[in-house]
file final_38.json (JSON, C-alpha atoms)
[["chain", "number", "residue", "atom", "x", "y", "z"],
["A", 94, "MET", "CA", 242.46, 54.68, 52.12],
["A", 95, "THR", "CA", 242.58, 51.87, 49.59],
["A", 96, "ASN", "CA", 241.47, 52.10, 45.97],
["A", 97, "ALA", "CA", 240.04, 49.25, 43.93],
["A", 98, "THR", "CA", 239.76, 49.34, 40.16],
["A", 99, "SER", "CA", 236.84, 46.90, 39.84],
["A", 100, "GLY", "CA", 233.99, 45.42, 41.81],
["A", 101, "SER", "CA", 235.72, 42.06, 42.12],
["A", 102, "GLU", "CA", 238.89, 43.74, 43.41],
["A", 103, "ASP", "CA", 236.79, 45.70, 45.89],
["A", 104, "LEU", "CA", 235.31, 42.48, 47.27],
["A", 105, "ARG", "CA", 238.75, 40.84, 47.45],
["A", 106, "LEU", "CA", 240.16, 43.80, 49.41],
["A", 107, "LEU", "CA", 237.12, 43.82, 51.69],
["A", 108, "ARG", "CA", 237.80, 40.20, 52.62],
["A", 109, "SER", "CA", 241.55, 40.63, 53.10],
["A", 110, "ARG", "CA", 241.94, 43.80, 55.22],
["A", 111, "PRO", "CA", 240.11, 45.92, 57.77],
["A", 112, "VAL", "CA", 237.70, 48.40, 56.22],
["A", 113, "ASP", "CA", 235.85, 51.22, 58.00],
["A", 114, "ALA", "CA", 233.60, 52.22, 55.08],
["A", 115, "VAL", "CA", 233.24, 51.82, 51.31],
["A", 116, "VAL", "CA", 232.59, 54.54, 48.73],
["A", 117, "LEU", "CA", 231.38, 52.83, 45.60],
["A", 118, "GLU", "CA", 230.66, 53.98, 42.05],
["A", 119, "TYR", "CA", 227.47, 52.53, 40.59],
["A", 120, "TYR", "CA", 229.11, 51.64, 37.26],
["A", 121, "LEU", "CA", 232.09, 49.36, 37.90],
["A", 122, "GLY", "CA", 232.39, 47.36, 34.71],
["A", 123, "LEU", "CA", 231.43, 43.68, 34.88],
["A", 124, "LEU", "CA", 229.86, 43.93, 38.36],
["A", 125, "ASP", "CA", 227.65, 46.94, 38.89],
["A", 126, "GLY", "CA", 227.72, 48.80, 42.17],
["A", 127, "ALA", "CA", 224.36, 47.44, 43.33],
["A", 128, "VAL", "CA", 225.66, 43.86, 43.05],
["A", 129, "VAL", "CA", 228.86, 44.76, 44.90],
["A", 130, "ALA", "CA", 226.91, 46.65, 47.60],
["A", 131, "ASP", "CA", 224.65, 43.62, 48.11],
["A", 132, "GLU", "CA", 227.71, 41.37, 48.49],
["A", 133, "ILE", "CA", 229.35, 43.81, 50.94],
["A", 134, "ARG", "CA", 226.16, 43.81, 53.04],
["A", 135, "ARG", "CA", 226.13, 40.02, 52.99],
["A", 136, "VAL", "CA", 229.82, 39.54, 53.88],
["A", 137, "ARG", "CA", 230.41, 42.57, 56.15],
["A", 138, "PRO", "CA", 227.03, 44.02, 57.19],
["A", 139, "GLU", "CA", 228.68, 46.36, 59.71],
["A", 140, "VAL", "CA", 230.57, 48.25, 56.96],
["A", 141, "PRO", "CA", 228.75, 51.38, 55.73],
["A", 142, "VAL", "CA", 228.47, 51.71, 51.95],
["A", 143, "VAL", "CA", 228.11, 55.04, 50.14],
["A", 144, "MET", "CA", 227.25, 54.73, 46.47],
["A", 145, "VAL", "CA", 227.81, 57.55, 43.99],
["A", 146, "ALA", "CA", 226.54, 57.81, 40.43],
["A", 147, "ASP", "CA", 225.49, 60.25, 37.78],
["A", 148, "PRO", "CA", 221.70, 60.31, 38.19],
["A", 149, "VAL", "CA", 221.26, 60.51, 34.42],
["A", 150, "GLU", "CA", 222.96, 57.11, 34.07],
["A", 151, "LEU", "CA", 221.06, 55.28, 36.82],
["A", 152, "PRO", "CA", 218.62, 52.59, 35.73],
["A", 153, "HIS", "CA", 214.98, 53.02, 36.69],
["A", 154, "ASN", "CA", 215.02, 50.05, 39.07],
["A", 155, "THR", "CA", 217.34, 51.19, 41.89],
["A", 156, "GLY", "CA", 215.52, 49.60, 44.82],
["A", 157, "SER", "CA", 218.56, 47.75, 46.18],
["A", 158, "ILE", "CA", 220.50, 51.00, 46.32],
["A", 159, "ARG", "CA", 218.06, 52.53, 48.78],
["A", 160, "GLU", "CA", 218.28, 49.66, 51.30]]

call {"tool": "encode", "arguments": {"input": "final_38.json", "output": "structure tokens"}}
result
Amino acid sequence: MTNATSGSEDLRLLRSRPVDAVVLEYYLGLLDGAVVADEIRRVRPEVPVVMVADPVELPHNTGSIRE
């Protein structure tokens, strides 16, 4: 298991080492989880992504999360 402290670090790690799956928090700071998940799907579409978030904090438009 590898931990990243930001969305940009997550993407860097994804590009530099083998990854079986990603568990991703929706709120990551500068890059939100939906943006990072979209980039993961673009770069490594075979990697499953699980996103977690407090439902109270989710924005109303979460369409990209459901894909």

call {"tool": "closest_residue", "arguments": {"input": "final_38.json", "among": "A:Asn96, A:Ala146, A:Val112, A:Leu117", "to": "Val129 (chain A)", "atoms": "only C-alpha atoms"}}
result
A:Leu117

call {"tool": "residues_around", "arguments": {"input": "final_38.json", "residues": "Met144 (chain A)", "least_positions_apart": "5", "cutoff": "8 Å", "atoms": "all atoms listed in the file", "output": "list in words"}}
result
Val116, Leu117, Glu118, Tyr119, Gly126 and Ile158 of chain A

call {"tool": "atom_distance", "arguments": {"input": "final_38.json", "atom1": "CA of Val145 (chain A)", "atom2": "CA of Ala114 (chain A)"}}
result
13.6 Å

call {"tool": "axis_aligned_box", "arguments": {"input": "final_38.json", "around": "region 134-149 of chain A", "padding_each_side": "4 Å", "output": "lines of an AutoDock Vina configuration file"}}
result
center_x = 225.9
center_y = 50.0
center_z = 47.1
size_x = 17.3
size_y = 29.0
size_z = 33.3

call {"tool": "residues_around", "arguments": {"input": "final_38.json", "residues": "Ala97 (chain A)", "least_positions_apart": "6", "cutoff": "12 Å", "atoms": "all atoms listed in the file", "output": "ChimeraX atom specification"}}
result
/A:103-107,115-118,121

call {"tool": "atom_distance", "arguments": {"input": "final_38.json", "atom1": "CA of Asp147 (chain A)", "atom2": "CA of Arg108 (chain A)"}}
result
27.8 Å

call {"tool": "residues_around", "arguments": {"input": "final_38.json", "residues": "Pro111 (chain A)", "least_positions_apart": "6", "cutoff": "12 Å", "atoms": "all atoms listed in the file", "output": "list in words"}}
result
Met94, Thr95, Arg105, Arg137, Glu139 and Val140 of chain A
